[in-house]
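Notes follow the structure.
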Amino acid sequence: MAFVDEVTIHARAGHGGNGVVHWLHLKGQERGGPDGGDGGKGGDVVLEGVHDLAALAQYRYEKSFAAIDGEKGRGTLQTGANGSDVILKVPVGTTARVAETGQTFDITEEGERVVVLAGGGGGKGNARFKSSTNQNPFQQTDGKPGEESDLTFSLKLIADAGLIGLPSAGKSSLLNALTRAKSKVGAYAFTTLEPHLGDFYGQVLADIPGLIEGASHGRGLGFKFLKHIERTGILLHLVSVDQDDPLSAYREVRRELEAFGHGLPEKEEVIILSKIDLVDADKRETLRERLARETGREVLEASVEDPQMLKSFSDALTKRLQQRES
């Protein structure tokens with residue numbers, strides 16, 4: 001199923017059932033007292049968080065959803081059945097905006113449920129209107145309409161660490177090696193067209209799509225890249241040693257973070273010098289020292305081709321992420 005991170009649908013909560021006018025039937029009498037029951041409540045529109053990044057794709061073609069209306073009341077003071085809720089499953093990290101009111105709701109945990117549109121209350125049956133001065137009321141009220149609106153779902157990934165960098169910096173390969181994720185790998189730009197997640201000893205790593213200069217203004221994958229790192233805990237900024245100028249490559253990505261804003265420039269960041277098996281130890285050390293000196297950041301080294309180098313990096317990353325939790 002294709003990855004969709006923003007979609008708009010229309011939804012309606014159920015209408016409340018009407019109260020009824022009804023009379024108690026007594027043997028030998030034409031009519032007893034009022035016993036009309038209330039109407040049932042209409043079903044709600046409910047969001048439920050799931051760990052499925054593709055969950056929003058189901059709303060690409062099916063755009064209209066409605067909860068069930070409450071049933072009308074019945075005689076013998078019976079309340080009509082409540083209408084069933086409609087459950088809309090969305091990925092954890094989704095923000096839902098209600099167009100009618102401007103309200104927003106954030107889904108941050110698996111299994112979390114939030115009512116975004118409330119069903120209408122049921123109407124009152126005529127038994128409700130009986131009084132000492134009105135023994136035979138013919139009054140009843142209709143059920144209230146359910147809330148109705150367009151809903152826009154926007155997904156921003158929630159991850160402990162987000163792998164960022166220019167296209168072909170090695171993010172997908174590293175994520176796959178560390179977590180056995182299934183992110184596509186290739187030696188060309190924009191291999192990753194959608195985010196991927198992997199579990200790294202209980203920490204969630206996200207492989208975020210690469211970007212080009214101007215992404216903060218919508219070029220290339222643009223906001224598809226940038227908005228998905230707003231909720232990541234720490235940025236793991238991959239800079240490949242096969243770049244003509246690794247420092248310039250690093251600064252290009254930083255410029256896009258600065259231009260986009262939204263708190264991204266202030267996020268904690270560690271530089272990952274990737275593909276280090278491509279250069280000898282002396283050049284690797286020179287690049288590492290230069291990046292550390294010019295950026296003031298911690299610099300780790302990684303290679304997915306050398307098992308020992310990968311193990312050393314994995315240990316260093318584990319220690320780094322554990323430091324954040326303590």
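In the structure tokens, each chain is lettered A, B, ... as it comes, each chain's residues begin at 1, and ligands are numbered from 1 in order of appearance.
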
Arg231 in chain A: which residues within 10 Å, counting only C-alpha atoms, same-chain residues fewer than 4 positions away excluded, as a ChimeraX atom specification? /A:93,156-162,227,263-264,267

I'd like the contact shell of range 289-304 of chain A - 6 Å cut-off, only C-alpha atoms, skipping same-chain residues fewer than 6 positions apart - returned as a ChimeraX atom specification. /A:270-276,310,313

Hey, can you spit out that residue selection with C-alpha atoms as a CSV table (one decimal), in the first residue's frame?
```csv
chain,number,residue,atom,x,y,z
A,270,VAL,CA,25.1,13.8,15.9
A,271,ILE,CA,27.0,13.6,12.6
A,272,ILE,CA,27.5,10.1,11.1
A,273,LEU,CA,30.4,9.9,8.7
A,274,SER,CA,29.1,7.1,6.5
A,275,LYS,CA,30.6,4.7,4.0
A,276,ILE,CA,34.0,4.9,5.7
A,310,LEU,CA,29.3,-1.6,12.0
A,313,PHE,CA,29.1,2.2,15.4
```

What is the distance, in Å and to one decimal place, between CA of Glu258 in chain A and CA of Arg324 in chain A? 23.3 Å

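Coordinates place CA of Ser64 in chain A at a distance of 23.6 Å from CA of Gly122 in chain A.
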
Just how far from CA of Ala66 in chain A is CA of Val20 in chain A, in Å to one decimal? 24.3 Å

Please list as a list of chain:residue names every residue within 6 Å of Gly43 in chain A, counting only C-alpha atoms and excluding residues in the same chain fewer than 6 positions away. A:Ala13, A:Gly14, A:Ala67, A:Ile68, A:Gly83, A:Ser84, A:Asp85, A:Gly119
